[in-house]
>>> print(open('run-v9.csv').read())   # CSV, C-alpha atoms
chain,number,residue,atom,x,y,z
Q,24,MET,CA,12.6,58.6,-23.2
Q,25,ASP,CA,15.7,57.3,-21.4
Q,26,SER,CA,18.5,55.5,-23.3
Q,27,GLU,CA,17.5,52.0,-22.1
Q,28,SER,CA,13.9,52.5,-23.2
Q,29,GLY,CA,15.1,53.8,-26.6
Q,30,LYS,CA,17.2,50.6,-27.1
Q,31,ARG,CA,14.2,48.4,-26.4
Q,32,ALA,CA,12.0,50.4,-28.8
Q,33,ARG,CA,14.6,50.3,-31.5
Q,34,SER,CA,15.3,46.5,-31.1
Q,35,SER,CA,11.6,45.6,-31.4
Q,36,GLY,CA,10.8,48.2,-34.0
Q,37,GLY,CA,7.6,49.0,-32.0
Q,38,ARG,CA,6.1,45.7,-33.1
Q,39,PRO,CA,5.0,42.7,-31.0
Q,40,ASN,CA,7.4,39.8,-31.1
Q,41,PRO,CA,5.7,37.0,-33.1
Q,42,LYS,CA,7.7,34.3,-31.4
Q,43,ALA,CA,6.4,35.5,-28.0
Q,44,GLN,CA,2.8,35.5,-29.4
Q,45,ASN,CA,3.0,32.0,-30.7
Q,46,ARG,CA,4.8,30.5,-27.7
Q,47,SER,CA,1.6,30.0,-25.6
Q,48,GLU,CA,-0.7,28.8,-28.3
Q,49,PRO,CA,0.4,26.0,-30.7
Q,50,GLN,CA,-0.6,26.3,-34.3
Q,51,LEU,CA,-3.5,24.1,-35.2
Q,52,ASP,CA,-5.4,23.9,-38.5
Q,53,ARG,CA,-8.9,23.8,-37.1
Q,54,GLU,CA,-10.8,24.2,-40.4
Q,55,LEU,CA,-9.0,21.4,-42.4
Q,56,ALA,CA,-10.3,23.1,-45.6
Q,57,ASP,CA,-8.1,20.8,-47.7
Q,58,LEU,CA,-10.0,17.7,-46.6
Q,59,PRO,CA,-13.3,16.6,-48.1
Q,60,PRO,CA,-16.2,17.1,-45.7
Q,61,PRO,CA,-16.5,13.4,-44.5
Q,62,LEU,CA,-12.8,13.1,-43.7
Q,63,ARG,CA,-12.9,16.6,-42.1
Q,64,TRP,CA,-15.7,15.5,-39.8
Q,65,ARG,CA,-13.9,12.2,-39.0
Q,66,GLU,CA,-10.7,14.1,-38.1
Q,67,TRP,CA,-12.6,16.4,-35.8
Q,68,MET,CA,-14.2,13.4,-34.0
Q,69,ARG,CA,-10.7,11.8,-33.5
Q,70,ARG,CA,-9.4,15.1,-32.2
Q,71,ILE,CA,-12.1,15.2,-29.6
Q,72,GLU,CA,-11.5,11.5,-28.7
Q,73,ALA,CA,-7.8,12.3,-28.3
Q,74,VAL,CA,-8.5,15.2,-26.0
Q,75,LEU,CA,-10.9,13.2,-23.8
Q,76,PHE,CA,-8.5,10.3,-23.7
Q,77,ALA,CA,-5.7,12.5,-22.5
Q,78,SER,CA,-7.7,14.3,-19.8
Q,79,SER,CA,-8.3,13.0,-16.4
Q,80,LYS,CA,-11.1,15.4,-15.8
Q,81,PRO,CA,-14.3,16.3,-17.7
Q,82,VAL,CA,-13.6,18.6,-20.6
Q,83,PRO,CA,-16.1,21.5,-21.2
Q,84,GLY,CA,-17.6,22.0,-24.6
Q,85,GLU,CA,-15.9,25.3,-25.1
Q,86,ASP,CA,-12.5,23.6,-24.7
Q,87,LEU,CA,-13.4,20.9,-27.3
Q,88,ALA,CA,-14.5,23.7,-29.7
Q,89,ARG,CA,-10.9,24.9,-29.8
Q,90,VAL,CA,-9.8,21.8,-31.8
Q,91,VAL,CA,-12.6,21.7,-34.4
Q,92,GLY,CA,-13.7,24.1,-37.2
Q,93,GLN,CA,-15.6,27.3,-36.4
Q,94,GLY,CA,-19.3,26.6,-36.2
Q,95,ALA,CA,-18.8,22.8,-36.0
Q,96,SER,CA,-21.3,21.4,-33.5
Q,97,VAL,CA,-19.4,19.8,-30.6
Q,98,ASP,CA,-22.6,18.2,-29.4
Q,99,LEU,CA,-23.1,16.4,-32.7
Q,100,LEU,CA,-19.5,15.4,-32.9
Q,101,VAL,CA,-19.5,14.0,-29.4
Q,102,ALA,CA,-22.8,12.2,-30.1
Q,103,GLU,CA,-21.4,10.5,-33.2
Q,104,LEU,CA,-18.2,9.6,-31.4
Q,105,SER,CA,-20.3,8.1,-28.6
Q,106,ALA,CA,-22.2,6.0,-31.2
Q,107,ASP,CA,-18.9,5.0,-32.7
Q,108,LEU,CA,-17.8,3.6,-29.4
Q,109,GLU,CA,-20.7,1.3,-29.0
Q,110,GLY,CA,-19.5,-2.2,-28.2
Q,111,ARG,CA,-16.3,-0.9,-26.7
Q,112,SER,CA,-15.4,-1.3,-23.0
Q,113,PHE,CA,-15.5,2.5,-22.5
Q,114,GLU,CA,-17.9,5.2,-23.2
Q,115,ILE,CA,-18.3,9.0,-23.2
Q,116,ALA,CA,-20.2,10.4,-20.3
Q,117,LYS,CA,-21.3,14.0,-19.5
Q,118,VAL,CA,-20.1,14.8,-16.0
Q,119,THR,CA,-20.1,18.2,-14.2
Q,120,GLY,CA,-20.8,20.1,-17.4
Q,121,GLY,CA,-18.2,18.5,-19.5
Q,122,TRP,CA,-17.4,15.2,-21.2
Q,123,MET,CA,-15.0,12.4,-20.2
Q,124,LEU,CA,-14.1,8.9,-21.2
Q,125,ARG,CA,-14.9,6.3,-18.6
Q,126,THR,CA,-15.0,2.5,-18.4
Q,127,ARG,CA,-18.5,1.0,-18.7
Q,128,SER,CA,-19.8,-0.2,-15.3
Q,129,ALA,CA,-20.0,-3.8,-16.5
Q,130,TYR,CA,-16.2,-3.9,-16.4
Q,131,ALA,CA,-15.8,-2.5,-12.9
Q,132,PRO,CA,-15.1,-6.0,-11.4
Q,133,ALA,CA,-12.3,-6.6,-14.0
Q,134,ILE,CA,-10.7,-3.2,-13.1
Q,135,ARG,CA,-10.8,-4.0,-9.4
Q,136,ALA,CA,-9.4,-7.5,-10.0
Q,137,ALA,CA,-6.5,-6.2,-12.1
Q,138,ALA,CA,-3.1,-5.4,-10.4
Q,139,ASP,CA,-2.0,-1.8,-10.0
Q,140,VAL,CA,-5.3,-0.4,-11.5
Q,141,GLN,CA,-7.2,2.1,-9.3
Q,142,ASP,CA,-10.8,2.9,-9.6
Q,143,ALA,CA,-12.0,6.6,-9.4
Q,144,MET,CA,-13.9,5.5,-6.2
Q,145,PRO,CA,-11.7,5.2,-3.1
Q,146,ASP,CA,-12.0,2.0,-1.0
Q,147,LEU,CA,-15.0,2.9,1.3
Q,148,ARG,CA,-16.9,0.9,3.8
Q,149,LYS,CA,-20.6,0.5,3.4
Q,150,PHE,CA,-21.4,2.9,6.2
Q,151,ASP,CA,-18.9,5.4,4.6
Q,152,VAL,CA,-21.0,5.3,1.5
Q,153,ALA,CA,-24.2,5.8,3.5
Q,154,VAL,CA,-22.8,8.9,5.2
Q,155,LEU,CA,-21.6,10.2,1.9
Q,156,ALA,CA,-25.1,9.7,0.5
Q,157,ALA,CA,-26.5,11.6,3.5
Q,158,VAL,CA,-24.1,14.5,2.8
Q,159,ALA,CA,-25.1,14.5,-0.8
Q,160,TYR,CA,-28.9,14.7,-0.1
Q,161,HIS,CA,-28.8,17.0,2.9
Q,162,GLN,CA,-25.8,19.3,2.2
Q,163,PRO,CA,-24.6,21.5,3.8
Q,164,ILE,CA,-24.8,19.4,6.9
Q,165,THR,CA,-23.0,19.2,10.2
Q,166,ARG,CA,-21.7,16.2,12.0
Q,167,ASP,CA,-24.6,16.7,14.5
Q,168,GLY,CA,-27.0,16.6,11.6
Q,169,LEU,CA,-25.5,13.4,10.4
Q,170,ARG,CA,-25.7,12.0,13.9
Q,171,ASP,CA,-29.4,12.8,13.9
Q,172,ILE,CA,-29.9,10.9,10.7
Q,173,PHE,CA,-28.1,7.8,11.7
Q,174,GLY,CA,-28.8,7.9,15.5
Q,175,LYS,CA,-25.2,7.7,16.5
Q,176,PRO,CA,-22.1,9.9,16.3
Q,177,ILE,CA,-20.2,10.1,13.1
Q,178,SER,CA,-16.5,9.6,13.7
Q,179,ARG,CA,-13.8,12.1,12.6
Q,180,ASP,CA,-12.0,9.2,11.0
Q,181,LEU,CA,-14.9,8.5,8.7
Q,182,ILE,CA,-15.2,12.2,7.8
Q,183,GLY,CA,-11.4,12.2,7.3
Q,184,ARG,CA,-11.7,9.2,4.8
Q,185,LEU,CA,-14.3,11.0,2.8
Q,186,HIS,CA,-12.3,14.2,2.8
Q,187,ALA,CA,-9.0,12.4,1.9
Q,188,GLY,CA,-10.8,10.9,-1.1
Q,189,ASN,CA,-11.8,14.4,-2.2
Q,190,LEU,CA,-15.5,13.4,-2.0
Q,191,ILE,CA,-16.5,16.0,0.6
Q,192,ALA,CA,-15.2,19.4,1.5
Q,193,PRO,CA,-15.9,22.0,4.2
Q,194,GLY,CA,-19.1,24.0,3.5
Q,195,PRO,CA,-20.3,27.3,5.0
Q,196,ARG,CA,-20.4,27.6,8.8
Q,197,SER,CA,-23.8,26.6,10.3
Q,198,PRO,CA,-25.8,29.5,11.7
Q,199,ARG,CA,-26.4,27.4,14.8
Q,200,ARG,CA,-24.7,28.2,18.1
Q,201,GLY,CA,-20.9,27.8,17.9
Q,202,ALA,CA,-21.1,28.0,14.1
Q,203,PRO,CA,-20.0,24.4,13.5
Q,204,TYR,CA,-18.5,23.3,10.2
Q,205,THR,CA,-20.8,21.9,7.5
Q,206,PHE,CA,-19.9,19.4,4.8
Q,207,VAL,CA,-20.7,19.4,1.1
Q,208,THR,CA,-19.9,17.1,-1.8
Q,209,THR,CA,-17.2,18.0,-4.3
Q,210,GLU,CA,-16.8,17.9,-8.1
Q,211,GLN,CA,-14.8,14.7,-7.6
Q,212,PHE,CA,-17.9,13.1,-6.0
Q,213,LEU,CA,-19.8,13.8,-9.2
Q,214,VAL,CA,-17.0,12.4,-11.3
Q,215,ALA,CA,-16.7,9.2,-9.1
Q,216,PHE,CA,-20.4,8.5,-9.4
Q,217,GLY,CA,-20.7,9.6,-13.1
Q,218,LEU,CA,-23.2,12.4,-12.4
Q,219,GLU,CA,-23.5,15.6,-14.4
Q,220,SER,CA,-24.9,17.5,-11.4
Q,221,LEU,CA,-26.6,16.8,-8.0
Q,222,HIS,CA,-29.9,16.9,-9.9
Q,223,ASP,CA,-28.9,13.5,-11.3
Q,224,LEU,CA,-28.8,11.8,-7.9
Q,225,PRO,CA,-31.0,8.7,-7.7
Q,226,ASP,CA,-34.2,8.8,-5.7
Q,227,LEU,CA,-33.5,8.6,-2.0
Q,228,GLU,CA,-36.1,5.9,-1.5
Q,229,GLN,CA,-34.4,3.7,-4.1
Q,230,LEU,CA,-31.1,4.0,-2.2
Q,231,GLN,CA,-32.9,3.1,1.0
Q,232,ASP,CA,-34.6,0.1,-0.6
Q,233,ALA,CA,-31.2,-1.0,-1.9
Q,234,GLY,CA,-29.8,-0.8,1.6
Q,235,ILE,CA,-27.2,1.8,0.6
Q,236,VAL,CA,-28.3,4.5,3.1
Q,237,ALA,CA,-29.4,2.2,5.9
Q,238,ASN,CA,-27.5,2.1,9.2
Q,239,GLY,CA,-24.6,-0.2,9.3
Q,240,ASP,CA,-21.0,-0.7,10.3
>>> encode(input="run-v9.csv", output="C-alpha cells")
Amino acid sequence: MDSESGKRARSSGGRPNPKAQNRSEPQLDRELADLPPPLRWREWMRRIEAVLFASSKPVPGEDLARVVGQGASVDLLVAELSADLEGRSFEIAKVTGGWMLRTRSAYAPAIRAAADVQDAMPDLRKFDVAVLAAVAYHQPITRDGLRDIFGKPISRDLIGRLHAGNLIAPGPRSPRRGAPYTFVTTEQFLVAFGLESLHDLPDLEQLQDAGIVANGD
C-alpha cells in the first residue's frame, strides 16, 4: 500500500462516511409510529398530496411509496385523497402510469381567460388537432400517410408546431423506399389529454362525429 492510500485508510478508519451516505437521501420518518392510526393515515395522504402538487409530471406509485409507511397501500391512499378533493377545482388523474393533480375540465375556460396562465395544451388550430389525432390512431405514420388520410399535403410548419409542443416525436424509419421518417405521439401528448395510455383514446368514430378529425383549415 502506498503512503497516500495509507493516509486515506487511516483517516476513514476503513468505515464508510455517514455524512456522505446521508447527503443524497434526506431522513424521513415513513412509519410515523408515534401517531395514532387515523392521524398516521391522514399524514400519509397529505404527503402524497404535497408530492403531487410539487410535481409537474405524473408520479409513479413506487415513488409515492417512498413517503409512506412500509406496506401502506398507495392505491388506497390516492383513492381516499381523490374522494377528499371532491368539490374542489382540481382532481387526481392517473396518467401514463402515474398520478398527477390537474384542474377539472369545467374550469378550462377560466384558466384560458386568466392572464399569464398557460394550459398544458399548446395553442393549436383545428386542423392541427385533426392531424395530431391521425398520428395518435395510425402511428407510426409518415407525412405521405397523413396526406393519404386528409387528401392534401401536410405542411412542415404544421408538423413543426406539433413537435415544438412536444406532442409528437420522430418514430422509426418507414420500410418504404427512401426510408422516410415516421411520427409518433409522446408522453406529453398523454399528459395534455389526460390519458393513462393510448388504449384510453376515444373511439375514432366519436371524434369524426364531433368534427375533430374532419378535414379543415
>>> residues_around(input="run-v9.csv", residues="Gly92 (chain Q)", least_positions_apart="3", cutoff="10 Å", atoms="all atoms listed in the file", output="mmCIF file with C-alpha atoms, in the coordinates of the input")
data_model
loop_
_atom_site.group_PDB
_atom_site.id
_atom_site.type_symbol
_atom_site.label_atom_id
_atom_site.label_comp_id
_atom_site.auth_asym_id
_atom_site.auth_seq_id
_atom_site.Cartn_x
_atom_site.Cartn_y
_atom_site.Cartn_z
ATOM 1 C CA ASP Q 52 -5.400 23.900 -38.500
ATOM 2 C CA ARG Q 53 -8.900 23.800 -37.100
ATOM 3 C CA GLU Q 54 -10.800 24.200 -40.400
ATOM 4 C CA LEU Q 55 -9.000 21.400 -42.400
ATOM 5 C CA ALA Q 56 -10.300 23.100 -45.600
ATOM 6 C CA ARG Q 63 -12.900 16.600 -42.100
ATOM 7 C CA TRP Q 64 -15.700 15.500 -39.800
ATOM 8 C CA TRP Q 67 -12.600 16.400 -35.800
ATOM 9 C CA ALA Q 88 -14.500 23.700 -29.700
ATOM 10 C CA ARG Q 89 -10.900 24.900 -29.800
ATOM 11 C CA ALA Q 95 -18.800 22.800 -36.000
ATOM 12 C CA SER Q 96 -21.300 21.400 -33.500
ATOM 13 C CA VAL Q 97 -19.400 19.800 -30.600
#
>>> closest_residue(input="run-v9.csv", among="Q:Pro176, Q:Pro195, Q:Gly188, Q:Pro132", to="Pro163 (chain Q)", atoms="all atoms listed in the file")
Q:Pro195
>>> closest_residue(input="run-v9.csv", among="Q:Glu66, Q:Glu114, Q:Glu72, Q:Asp223", to="Val91 (chain Q)", atoms="only C-alpha atoms")
Q:Glu66
>>> closest_residue(input="run-v9.csv", among="Q:Val90, Q:Leu224, Q:Val214, Q:Ala133", to="Lys117 (chain Q)", atoms="all atoms listed in the file")
Q:Val214
>>> atom_distance(input="run-v9.csv", atom1="CA of Asp57 (chain Q)", atom2="CA of Arg70 (chain Q)")
16.6 Å
